[in-house]
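Structure data follow from target_14.cif (mmCIF, C-alpha atoms):
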```
data_input
loop_
_atom_site.label_atom_id
_atom_site.label_comp_id
_atom_site.auth_asym_id
_atom_site.auth_seq_id
_atom_site.Cartn_x
_atom_site.Cartn_y
_atom_site.Cartn_z
CA MET A 26 0.00 0.00 0.00
CA GLN A 27 1.30 3.44 -0.91
CA ILE A 28 1.82 6.06 1.84
CA GLY A 29 -0.82 8.33 0.29
CA GLU A 30 -3.40 5.55 0.34
CA ALA A 31 -2.47 4.72 3.94
CA VAL A 32 -2.98 8.36 4.97
CA ARG A 33 -6.35 8.46 3.14
CA THR A 34 -7.49 5.27 4.83
CA SER A 35 -6.35 6.61 8.22
CA ALA A 36 -8.27 9.87 7.72
CA ALA A 37 -11.41 7.95 6.73
CA GLU A 38 -11.14 5.80 9.85
CA ILE A 39 -10.70 8.85 12.11
CA LEU A 40 -13.69 10.64 10.54
CA SER A 41 -15.91 7.56 10.78
CA HIS A 42 -15.49 7.59 14.58
CA LYS A 43 -15.58 11.33 15.32
CA LEU A 44 -16.57 11.18 19.01
CA ARG A 45 -14.11 8.44 19.86
CA SER A 46 -11.32 10.25 18.01
CA ALA A 47 -12.18 13.58 19.69
CA LEU A 48 -12.10 12.05 23.18
CA THR A 49 -8.80 10.36 22.37
CA LEU A 50 -7.28 13.68 21.26
CA VAL A 51 -8.01 15.57 24.51
CA GLY A 52 -4.74 14.55 26.16
CA ILE A 53 -2.64 15.37 23.09
CA VAL A 54 -4.40 18.73 22.67
CA LEU A 55 -3.84 19.75 26.32
CA GLY A 56 -0.25 18.57 26.25
CA THR A 57 0.76 20.43 23.10
CA THR A 58 -1.16 23.55 24.22
CA ALA A 59 0.75 23.58 27.51
CA LEU A 60 3.99 23.05 25.59
CA VAL A 61 3.45 25.99 23.24
CA VAL A 62 2.34 28.28 26.09
CA MET A 63 5.25 27.23 28.28
CA VAL A 64 7.92 27.96 25.67
CA SER A 65 6.31 31.13 24.23
CA VAL A 66 4.66 32.87 27.20
CA ILE A 67 7.12 31.84 29.90
CA GLY A 68 9.98 32.70 27.55
CA GLY A 69 8.44 36.12 26.86
CA LEU A 70 7.80 36.69 30.55
CA ALA A 71 11.40 35.82 31.40
CA ALA A 72 12.63 38.28 28.74
CA ALA A 73 10.31 41.05 30.03
CA VAL A 74 11.43 40.49 33.62
CA GLU A 75 15.08 40.52 32.54
CA LYS A 76 14.57 43.82 30.70
CA GLY A 77 12.75 45.32 33.68
CA ILE A 78 15.51 44.37 36.11
CA SER A 79 18.20 45.59 33.72
CA ASP A 80 16.33 48.90 33.31
CA LEU A 81 16.56 49.50 37.05
CA GLY A 82 20.22 50.22 36.41
CA PHE A 83 21.46 48.59 39.61
CA ASP A 84 23.32 45.53 38.26
CA GLY A 85 26.74 45.45 39.89
CA VAL A 86 26.20 48.89 41.46
CA VAL A 87 27.20 50.06 44.94
CA PHE A 88 26.23 53.51 46.21
CA ALA A 89 27.92 55.75 48.75
CA VAL A 90 25.55 58.38 50.16
CA ALA A 91 26.08 61.08 52.76
CA ARG A 92 25.05 60.58 56.40
CA THR A 93 25.85 61.99 59.84
CA PRO A 94 28.47 59.92 61.76
CA THR A 95 26.91 57.82 64.53
CA ASP A 96 30.07 57.33 66.56
CA ARG A 97 30.62 60.11 69.15
CA ILE A 98 34.32 60.43 68.41
CA GLU A 99 33.78 60.49 64.66
CA HIS A 100 30.96 62.99 65.15
CA ALA A 101 33.35 65.25 67.02
CA LYS A 102 35.93 64.91 64.25
CA GLN A 103 33.42 65.41 61.44
CA GLY A 104 35.03 68.73 60.55
CA TYR A 105 38.14 66.90 59.35
CA SER A 106 36.11 65.52 56.45
CA ARG A 107 34.89 67.82 53.74
CA GLY A 108 31.97 65.49 52.95
CA MET A 109 30.95 64.19 49.56
CA ARG A 110 32.99 65.92 46.88
CA ALA A 111 33.89 65.45 43.25
CA ALA A 112 37.51 65.36 44.48
CA ASP A 113 36.78 61.94 46.01
CA GLY A 114 37.27 60.71 42.46
CA LEU A 115 41.05 61.24 42.68
CA VAL A 116 41.36 58.77 45.56
CA ILE A 117 38.89 56.36 43.97
CA GLU A 118 40.64 56.34 40.60
CA ALA A 119 44.05 55.81 42.19
CA GLY A 120 42.97 52.97 44.50
CA LYS A 121 40.21 51.03 42.68
CA GLN A 122 40.85 47.37 41.86
CA THR A 123 37.59 45.41 42.05
CA ILE A 124 35.64 48.55 41.15
CA GLU A 125 35.54 49.05 37.38
CA ASP A 126 33.99 52.52 37.17
CA ALA A 127 32.77 55.28 39.47
CA ALA A 128 30.62 58.38 39.02
CA PRO A 129 29.27 61.16 41.26
CA VAL A 130 25.78 62.63 41.07
CA VAL A 131 24.07 65.80 42.27
CA GLY A 132 20.37 65.50 43.00
CA LEU A 133 18.45 68.76 42.87
CA GLY A 134 15.12 67.16 43.74
CA ASN A 135 11.85 68.22 42.13
CA GLU A 136 12.49 71.53 40.43
CA THR A 137 9.97 73.88 38.91
CA VAL A 138 10.86 73.94 35.21
CA ARG A 139 9.39 75.52 32.13
CA MET A 140 9.42 73.94 28.67
CA ASN A 141 7.26 74.10 25.56
CA GLY A 142 5.12 76.80 27.18
CA ARG A 143 4.33 74.65 30.25
CA THR A 144 5.42 75.00 33.87
CA LEU A 145 5.77 71.75 35.79
CA LYS A 146 7.71 69.87 38.47
CA ALA A 147 10.44 67.44 37.40
CA PRO A 148 13.38 65.76 39.18
CA VAL A 149 16.73 67.16 38.04
CA GLU A 150 20.14 65.49 38.40
CA GLY A 151 23.67 66.56 37.54
CA VAL A 152 25.57 63.61 36.07
CA THR A 153 28.70 62.57 34.16
CA PRO A 154 29.17 60.30 31.11
CA GLU A 155 30.25 57.52 33.51
CA TRP A 156 26.91 57.74 35.32
CA GLY A 157 25.10 56.78 32.12
CA ARG A 158 27.31 53.72 31.65
CA ILE A 159 27.00 52.59 35.27
CA ARG A 160 23.20 53.04 35.42
CA ASN A 161 22.52 51.78 31.88
CA ARG A 162 20.95 55.09 30.90
CA VAL A 163 20.91 55.04 27.10
CA PRO A 164 19.41 57.81 24.92
CA GLU A 165 16.74 56.82 22.43
CA VAL A 166 17.35 59.91 20.30
CA GLY A 167 20.10 62.49 20.44
CA ARG A 168 23.05 61.94 22.76
CA TYR A 169 24.04 61.61 26.40
CA ILE A 170 26.21 63.97 28.45
CA ILE A 171 29.79 63.99 27.08
CA SER A 172 33.16 65.05 28.51
CA SER A 173 33.20 68.36 26.65
CA ASP A 174 29.89 69.30 28.32
CA LEU A 175 31.57 68.93 31.73
CA GLU A 176 34.69 70.84 30.69
CA SER A 177 32.71 73.80 29.33
CA ARG A 178 29.91 73.58 31.94
CA ALA A 179 27.51 73.47 29.02
CA THR A 180 23.83 74.25 29.57
CA VAL A 181 22.55 71.12 27.85
CA ALA A 182 20.04 68.56 29.09
CA LEU A 183 18.53 65.13 28.47
CA ILE A 184 14.96 64.38 29.36
CA GLY A 185 13.14 61.17 30.26
CA HIS A 186 10.95 59.34 27.77
CA LYS A 187 7.67 59.94 29.62
CA LEU A 188 8.48 63.62 30.21
CA GLU A 189 9.13 64.04 26.49
CA LYS A 190 5.82 62.39 25.56
CA ASP A 191 3.84 64.38 28.15
CA VAL A 192 5.30 67.77 27.26
CA PHE A 193 6.16 67.59 23.55
CA GLY A 194 3.87 64.83 22.26
CA PRO A 195 4.64 64.25 18.56
CA GLU A 196 6.91 67.31 18.36
CA ASP A 197 10.70 66.94 18.12
CA PRO A 198 12.19 68.05 21.47
CA LEU A 199 15.83 68.23 20.31
CA GLY A 200 17.11 71.77 20.38
CA ARG A 201 14.20 73.04 22.47
CA GLU A 202 14.80 74.97 25.71
CA ILE A 203 14.21 74.15 29.38
CA LEU A 204 14.22 76.91 32.00
CA ILE A 205 15.52 75.81 35.45
CA ARG A 206 15.89 78.52 38.12
CA GLY A 207 16.34 81.11 35.41
CA VAL A 208 19.03 79.13 33.54
CA ARG A 209 18.23 78.10 29.98
CA PHE A 210 19.18 74.55 28.92
CA ARG A 211 19.09 73.11 25.41
CA ILE A 212 17.72 69.56 25.00
CA VAL A 213 20.29 67.32 23.29
CA GLY A 214 18.78 63.90 23.92
CA VAL A 215 15.81 61.83 25.08
CA LEU A 216 16.35 58.70 27.14
CA ARG A 217 14.66 55.47 26.14
CA SER A 218 11.74 54.20 28.19
CA PHE A 219 12.71 52.21 31.28
CA GLY A 220 10.74 49.48 33.03
CA THR A 221 8.08 46.98 31.97
CA ARG A 222 4.65 46.06 33.28
CA GLN A 223 6.23 43.03 34.92
CA VAL A 224 9.03 44.97 36.65
CA ASN A 225 8.41 48.58 37.51
CA ASN A 226 9.04 50.64 40.63
CA PRO A 227 8.84 54.30 41.65
CA GLU A 228 12.54 54.87 40.89
CA THR A 229 12.13 53.63 37.31
CA GLU A 230 9.05 55.79 36.87
CA ARG A 231 11.01 58.81 38.18
CA ASP A 232 13.82 58.07 35.73
CA ASN A 233 11.30 58.31 32.89
CA THR A 234 10.44 61.87 33.99
CA LYS A 235 13.92 63.12 34.98
CA ILE A 236 16.01 65.87 33.52
CA TYR A 237 19.78 65.22 33.37
CA ILE A 238 22.29 68.05 33.12
CA PRO A 239 26.12 68.03 33.27
CA LEU A 240 27.46 67.64 36.83
CA SER A 241 29.78 70.67 36.51
CA THR A 242 26.87 72.81 35.28
CA ALA A 243 24.72 71.78 38.26
CA GLN A 244 27.62 72.64 40.59
CA LYS A 245 28.21 76.03 38.95
CA TYR A 246 24.63 77.25 39.00
CA PHE A 247 22.93 75.38 41.84
CA VAL A 248 25.01 73.64 44.54
CA GLY A 249 28.63 74.80 44.66
CA MET A 250 31.72 73.94 42.71
CA ASP A 251 32.80 70.65 44.35
CA THR A 252 29.59 69.38 45.92
CA VAL A 253 28.13 65.96 45.08
CA HIS A 254 25.36 64.07 46.84
CA ALA A 255 26.35 60.45 46.13
CA TRP A 256 28.82 58.19 44.36
CA ALA A 257 27.95 55.12 42.29
CA PHE A 258 30.46 52.32 41.82
CA LYS A 259 30.29 49.62 39.14
CA ALA A 260 31.77 46.12 39.56
CA ASP A 261 31.30 42.52 38.47
CA PRO A 262 27.90 41.43 39.88
CA GLU A 263 29.55 38.28 41.25
CA LYS A 264 32.00 40.38 43.31
CA MET A 265 29.59 42.72 45.07
CA ASP A 266 30.81 42.07 48.61
CA ASP A 267 34.41 42.84 47.63
CA ALA A 268 33.28 45.92 45.70
CA ALA A 269 31.31 47.24 48.70
CA LYS A 270 34.30 46.77 51.02
CA GLU A 271 36.60 48.47 48.53
CA ALA A 272 34.20 51.39 48.05
CA GLU A 273 33.96 51.87 51.83
CA ALA A 274 37.76 51.78 52.24
CA LEU A 275 38.32 54.29 49.43
CA MET A 276 35.66 56.67 50.74
CA ARG A 277 37.07 56.48 54.28
CA ARG A 278 40.53 57.23 52.90
CA SER A 279 39.22 60.24 51.00
CA HIS A 280 37.22 61.41 54.05
CA ARG A 281 40.22 61.11 56.40
CA GLY A 282 38.83 58.15 58.28
CA ILE A 283 35.46 59.73 59.03
CA SER A 284 32.37 57.61 58.24
CA ASP A 285 30.14 60.50 57.17
CA PHE A 286 28.71 58.27 54.46
CA LYS A 287 27.04 54.87 54.17
CA ILE A 288 27.48 52.13 51.61
CA GLU A 289 24.36 50.71 49.95
CA ASN A 290 25.07 47.44 48.18
CA ILE A 291 22.10 47.60 45.81
CA GLY A 292 23.82 45.30 43.32
CA GLN A 293 23.83 42.48 45.89
CA GLU A 294 20.08 42.89 46.43
CA ILE A 295 19.48 42.82 42.68
CA LEU A 296 21.56 39.64 42.40
CA LYS A 297 19.41 37.99 45.09
CA ALA A 298 16.22 39.19 43.36
CA ARG A 299 17.42 37.75 40.03
CA LYS A 300 18.00 34.36 41.63
CA GLU A 301 14.57 34.40 43.27
CA ILE A 302 12.91 35.33 39.97
CA ASP A 303 14.86 32.64 38.10
CA LYS A 304 13.66 30.12 40.67
CA LEU A 305 10.05 31.30 40.31
CA ILE A 306 10.17 31.06 36.50
CA LEU A 307 11.77 27.60 36.77
CA ASN A 308 8.88 26.52 39.03
CA TRP A 309 6.36 27.72 36.44
CA LYS A 310 8.21 25.82 33.75
CA ILE A 311 8.14 22.68 35.89
CA VAL A 312 4.39 23.08 36.49
CA LEU A 313 3.58 23.56 32.80
CA ALA A 314 6.02 20.84 31.74
CA SER A 315 4.32 18.47 34.21
CA ILE A 316 0.88 19.35 32.81
CA ALA A 317 2.19 18.82 29.28
CA GLY A 318 3.91 15.55 30.18
CA ILE A 319 0.92 14.06 32.00
CA SER A 320 -1.49 15.18 29.27
CA LEU A 321 0.71 13.70 26.53
CA LEU A 322 1.03 10.46 28.50
CA VAL A 323 -2.76 10.24 28.89
CA GLY A 324 -3.14 11.06 25.20
CA GLY A 325 -0.68 8.30 24.28
CA ILE A 326 -2.58 5.76 26.40
CA GLY A 327 -5.82 6.88 24.74
CA ILE A 328 -4.36 6.42 21.26
CA PHE A 329 -3.02 2.99 22.25
CA SER A 330 -6.47 1.93 23.50
CA VAL A 331 -8.28 3.26 20.45
CA MET A 332 -5.87 1.49 18.10
CA GLN A 333 -6.39 -1.77 19.97
CA ILE A 334 -10.17 -1.38 19.67
CA SER A 335 -9.86 -0.42 16.00
CA ILE A 336 -7.86 -3.55 15.21
CA SER A 337 -10.37 -5.75 17.04
CA GLU A 338 -13.16 -4.21 14.96
CA ARG A 339 -11.25 -4.61 11.69
CA VAL A 340 -9.88 -8.13 11.98
CA PHE A 341 -11.92 -9.31 8.96
CA GLU A 342 -10.67 -6.32 6.91
CA ILE A 343 -7.07 -7.16 7.82
CA GLY A 344 -7.55 -10.80 6.85
CA LEU A 345 -9.16 -9.80 3.55
CA ARG A 346 -6.34 -7.40 2.69
CA LYS A 347 -3.74 -10.05 3.43
CA SER A 348 -5.59 -12.67 1.39
CA ILE A 349 -5.45 -10.45 -1.72
CA GLY A 350 -1.74 -9.72 -1.37
CA ALA A 351 -1.17 -7.08 1.36
CA THR A 352 2.17 -7.71 3.08
CA ASP A 353 2.94 -7.51 6.81
CA PRO A 354 4.92 -4.24 6.39
CA GLU A 355 2.00 -2.67 4.50
CA ILE A 356 -0.47 -3.60 7.27
CA PHE A 357 2.00 -2.42 9.89
CA GLY A 358 2.52 0.89 8.05
CA GLN A 359 -1.22 1.47 7.61
CA PHE A 360 -2.00 1.23 11.32
CA LEU A 361 1.15 3.10 12.38
CA ILE A 362 0.28 5.96 10.01
CA GLU A 363 -3.24 5.97 11.42
CA SER A 364 -1.85 6.30 14.96
CA VAL A 365 0.55 9.10 13.97
CA SER A 366 -2.19 10.90 12.00
CA LEU A 367 -4.48 10.83 15.02
CA SER A 368 -1.70 12.23 17.20
CA LEU A 369 -0.76 14.91 14.65
CA VAL A 370 -4.37 16.14 14.46
CA GLY A 371 -4.34 16.58 18.25
CA GLY A 372 -0.95 18.28 18.06
CA ALA A 373 -2.20 20.71 15.39
CA ILE A 374 -5.29 21.62 17.43
CA GLY A 375 -3.15 22.05 20.56
CA ALA A 376 -0.64 24.23 18.71
CA GLY A 377 -3.54 26.39 17.46
CA LEU A 378 -4.93 26.80 20.97
CA GLY A 379 -1.45 27.59 22.28
CA TYR A 380 -1.06 30.21 19.54
CA GLY A 381 -4.36 31.82 20.55
CA ILE A 382 -3.48 31.86 24.24
CA THR A 383 -0.10 33.41 23.41
CA LEU A 384 -1.80 36.19 21.42
CA LEU A 385 -4.12 36.90 24.36
CA ALA A 386 -1.19 36.94 26.80
CA ALA A 387 0.72 39.28 24.46
CA GLN A 388 -1.62 42.12 25.47
CA ALA A 389 0.16 42.21 28.85
CA PHE A 390 3.52 42.81 27.15
CA PRO A 391 4.27 46.25 25.66
CA ASP A 392 6.64 44.70 23.12
CA GLY A 393 4.19 41.91 22.36
CA LEU A 394 4.83 38.17 22.26
CA THR A 395 5.69 35.91 19.40
CA VAL A 396 4.93 32.22 19.22
CA SER A 397 8.27 30.51 19.49
CA PRO A 398 9.14 28.41 16.40
CA LEU A 399 10.82 26.06 18.86
CA ALA A 400 7.45 25.56 20.58
CA LEU A 401 5.78 24.57 17.30
CA VAL A 402 8.62 22.20 16.41
CA LEU A 403 8.43 20.62 19.87
CA ALA A 404 4.66 20.26 19.60
CA ALA A 405 4.93 18.50 16.23
CA GLY A 406 7.86 16.39 17.42
CA PHE A 407 6.10 15.22 20.59
CA ALA A 408 2.89 14.50 18.65
CA ILE A 409 4.76 12.30 16.18
CA ALA A 410 6.70 10.60 18.97
CA ILE A 411 3.52 9.84 20.94
CA GLY A 412 1.80 8.54 17.82
CA LEU A 413 4.73 6.28 16.96
CA THR A 414 5.14 4.99 20.51
CA ALA A 415 1.44 4.33 21.04
CA GLY A 416 0.95 2.80 17.61
CA VAL A 417 3.88 0.40 17.32
CA TYR A 418 2.41 -2.49 19.32
CA PRO A 419 -1.12 -2.34 17.85
CA ALA A 420 0.32 -2.07 14.32
CA LEU A 421 2.68 -4.97 14.98
CA ARG A 422 -0.21 -7.03 16.34
CA ALA A 423 -2.30 -6.30 13.22
CA SER A 424 0.54 -7.18 10.85
CA ARG A 425 1.06 -10.58 12.49
CA LEU A 426 -2.54 -11.77 12.10
CA MET A 427 -2.90 -14.87 9.90
CA PRO A 428 -5.28 -14.24 6.96
CA VAL A 429 -7.31 -17.43 7.48
CA ASP A 430 -7.73 -16.87 11.22
CA ALA A 431 -8.59 -13.20 10.67
CA ILE A 432 -11.30 -13.95 8.10
CA ARG A 433 -12.82 -16.64 10.32
CA ALA A 434 -12.82 -14.37 13.43
#
```

Would you write the structure of this file as structure tokens?
Amino acid sequence: MQIGEAVRTSAAEILSHKLRSALTLVGIVLGTTALVVMVSVIGGLAAAVEKGISDLGFDGVVFAVARTPTDRIEHAKQGYSRGMRAADGLVIEAGKQTIEDAAPVVGLGNETVRMNGRTLKAPVEGVTPEWGRIRNRVPEVGRYIISSDLESRATVALIGHKLEKDVFGPEDPLGREILIRGVRFRIVGVLRSFGTRQVNNPETERDNTKIYIPLSTAQKYFVGMDTVHAWAFKADPEKMDDAAKEAEALMRRSHRGISDFKIENIGQEILKARKEIDKLILNWKIVLASIAGISLLVGGIGIFSVMQISISERVFEIGLRKSIGATDPEIFGQFLIESVSLSLVGGAIGAGLGYGITLLAAQAFPDGLTVSPLALVLAAGFAIAIGLTAGVYPALRASRLMPVDAIRA
């Protein structure tokens, strides 16, 4: 029997027992649906969470922020330290080993600003080019703060993505002016949007509405020539404890042994959060994989049972085919193809359902979701494997029937 004829015969047999075939397919359908959803949705969720965590800008970052000394002796000696200064960078640069990069920042808080004919409140920070690299602050259009801006104390600014949309809408903001405390700044860049629906916090939302100006410009016009409010240090995320200790030692050296600052190891907390999230996603994968596995197993047992029943009902047909020349391999192939066809139909329906569920879930993702090609390949592969496994024994049993005994049965 040709393969095409075997497929046609298999399809006719499936259609002649619609209810039985439909009930048999339930396990395969659920299994392949869970498989497609697991690979596509969980994969998309993991990517969205990864982007959200990365957008926080705290990977491998340690902060040093100002505080009043708690020790009585250090409190009495506080005057020996000149506090947080840009000059701390000289000691940091000379002594850093684990630390890869460092940058100061001046926070002006919520300032009353005027742009595009509107007066509003917006957080303003004075930063350096290194701050953008450490905090993963990348412009979507235009440019970031550059070294020449610091050297010339240029009155240029970047604005957050949400601030740009709220104030300028579809208009191009580049080259437009911002008025801060009477000082005019020219917009040279717009930062990309930070955060996702899955990972968002008040700091990320603030970053989307911030205005960044050169550190030296903020010092000249607003806070004093050497003043900074915090330092950020960048290191390998796997070496956060060493980086925190090094940052503390360097700051104490620069501050003449006075602990008028505190170290915040945010990078270590982010590392712990990543591990917890990875564990949570792994648990979801295990749950969906278990559902898929059990459903496919039940579907395989169903196909096996249906094939056994089908052979019992068609013993006379098998004997007749053999008596007019059908060989054992042809009978074996016919029933094996029927088993695989049944499984593939269930796999196709399951893949379709998984595709639909993925499209529905995509509404929760700003960047959308795509059905993973790997998921579809796995669904087809598992469907074929289940069909082959469940159909081998029944097909073998059918092929070994003796024509005379089969016709008499």

Assuming the chain letters and numbering stay as they are in my file, what does the PyMOL selection byres ((chain A and resi 189) around 12) actually select? List them as JSON, numbers by chain. {"A": [140, 141, 147, 165, 166, 183, 184, 185, 186, 187, 188, 190, 191, 192, 193, 194, 195, 196, 197, 198, 199, 201, 203, 212, 214, 215, 216, 217, 218, 232, 233, 234, 235, 236]}

Could you check which of A:Gln333, A:Thr414, A:Asn290, A:Thr123 is closest to A:Ser368, using all atoms listed in the file? A:Thr414

Selection in question (the file shown): the PyMOL selection byres ((chain A and resi 385-388) around 12). Which residues does it include, as JSON, numbers by chain? {"A": [62, 63, 65, 66, 67, 68, 69, 70, 73, 222, 378, 379, 380, 381, 382, 383, 384, 389, 390, 391, 392, 393, 394, 395, 396]}

In Å, how far is it from atom CA of A:Gly249 to atom CA of A:Glu273?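 Separation between atom CA of A:Gly249 and atom CA of A:Glu273: 24.6 Å.
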
Between A:Pro239, A:Gly350, A:Gly282, A:Gly327, which has the minimum distance to A:Glu155 (counting all atoms listed in the file)?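 The closest residue to A:Glu155 is A:Pro239.
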
Name all residues at most 9 Å from A:Met276 (count only C-alpha atoms; drop same-chain ones fewer than 5 positions away) and give them as a PyMOL selection string. chain A and resi 89+109+113+116-117+271+281-284+286

Selected residue, from A:Val54, A:Ala59, A:Ile205, A:Leu321, that lies nearest to A:Gly375 when counting all atoms listed in the file: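 Looking only at the distances to A:Gly375, the closest residue turns out to be A:Val54.
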
Hey, can you check how far atom CA of A:Tyr418 sits from atom CA of A:Leu322?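 One can read the atom CA of A:Tyr418 to atom CA of A:Leu322 distance as 15.9 Å.
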
Go ahead and compute the interatomic distance for atom CA of A:Glu202 and atom CA of A:Arg162, in Å to one decimal. 21.4 Å

Reconstruct all heavy atoms of stretch 266-273 of chain A from the incomplete input and present them as an mmCIF file, in the coordinates of the input.
```cif
data_model
loop_
_atom_site.group_PDB
_atom_site.id
_atom_site.type_symbol
_atom_site.label_atom_id
_atom_site.label_comp_id
_atom_site.auth_asym_id
_atom_site.auth_seq_id
_atom_site.Cartn_x
_atom_site.Cartn_y
_atom_site.Cartn_z
ATOM 1 N N ASP A 266 30.310 41.886 47.241
ATOM 2 C CA ASP A 266 30.810 42.070 48.610
ATOM 3 C C ASP A 266 32.179 42.722 48.606
ATOM 4 O O ASP A 266 32.449 43.656 49.388
ATOM 5 C CB ASP A 266 30.870 40.713 49.334
ATOM 6 C CG ASP A 266 29.494 40.196 49.720
ATOM 7 O OD1 ASP A 266 28.568 41.024 49.833
ATOM 8 O OD2 ASP A 266 29.337 38.975 49.891
ATOM 9 N N ASP A 267 33.063 42.252 47.725
ATOM 10 C CA ASP A 267 34.410 42.840 47.630
ATOM 11 C C ASP A 267 34.320 44.287 47.154
ATOM 12 O O ASP A 267 35.070 45.154 47.641
ATOM 13 C CB ASP A 267 35.273 42.026 46.655
ATOM 14 C CG ASP A 267 35.597 40.636 47.183
ATOM 15 O OD1 ASP A 267 35.512 40.439 48.418
ATOM 16 O OD2 ASP A 267 35.920 39.750 46.372
ATOM 17 N N ALA A 268 33.426 44.552 46.206
ATOM 18 C CA ALA A 268 33.280 45.920 45.700
ATOM 19 C C ALA A 268 32.786 46.861 46.784
ATOM 20 O O ALA A 268 33.254 48.005 46.899
ATOM 21 C CB ALA A 268 32.323 45.933 44.517
ATOM 22 N N ALA A 269 31.842 46.408 47.616
ATOM 23 C CA ALA A 269 31.310 47.240 48.700
ATOM 24 C C ALA A 269 32.401 47.558 49.719
ATOM 25 O O ALA A 269 32.517 48.696 50.199
ATOM 26 C CB ALA A 269 30.138 46.531 49.369
ATOM 27 N N LYS A 270 33.205 46.545 50.064
ATOM 28 C CA LYS A 270 34.300 46.770 51.020
ATOM 29 C C LYS A 270 35.336 47.736 50.440
ATOM 30 O O LYS A 270 35.857 48.608 51.151
ATOM 31 C CB LYS A 270 34.961 45.437 51.360
ATOM 32 C CG LYS A 270 34.079 44.506 52.184
ATOM 33 C CD LYS A 270 34.741 43.151 52.390
ATOM 34 C CE LYS A 270 33.820 42.200 53.159
ATOM 35 N NZ LYS A 270 34.407 40.841 53.288
ATOM 36 N N GLU A 271 35.627 47.581 49.155
ATOM 37 C CA GLU A 271 36.600 48.470 48.530
ATOM 38 C C GLU A 271 36.074 49.902 48.462
ATOM 39 O O GLU A 271 36.816 50.864 48.733
ATOM 40 C CB GLU A 271 36.935 47.966 47.123
ATOM 41 C CG GLU A 271 38.023 48.768 46.428
ATOM 42 C CD GLU A 271 38.395 48.171 45.087
ATOM 43 O OE1 GLU A 271 38.957 47.054 45.074
ATOM 44 O OE2 GLU A 271 38.135 48.829 44.050
ATOM 45 N N ALA A 272 34.801 50.057 48.117
ATOM 46 C CA ALA A 272 34.200 51.390 48.050
ATOM 47 C C ALA A 272 34.246 52.062 49.420
ATOM 48 O O ALA A 272 34.571 53.255 49.535
ATOM 49 C CB ALA A 272 32.757 51.288 47.560
ATOM 50 N N GLU A 273 33.933 51.312 50.478
ATOM 51 C CA GLU A 273 33.960 51.870 51.830
ATOM 52 C C GLU A 273 35.375 52.297 52.217
ATOM 53 O O GLU A 273 35.578 53.382 52.778
ATOM 54 C CB GLU A 273 33.435 50.844 52.825
ATOM 55 C CG GLU A 273 33.387 51.388 54.250
ATOM 56 C CD GLU A 273 32.724 50.420 55.218
ATOM 57 O OE1 GLU A 273 32.481 49.252 54.842
ATOM 58 O OE2 GLU A 273 32.457 50.846 56.356
#
```
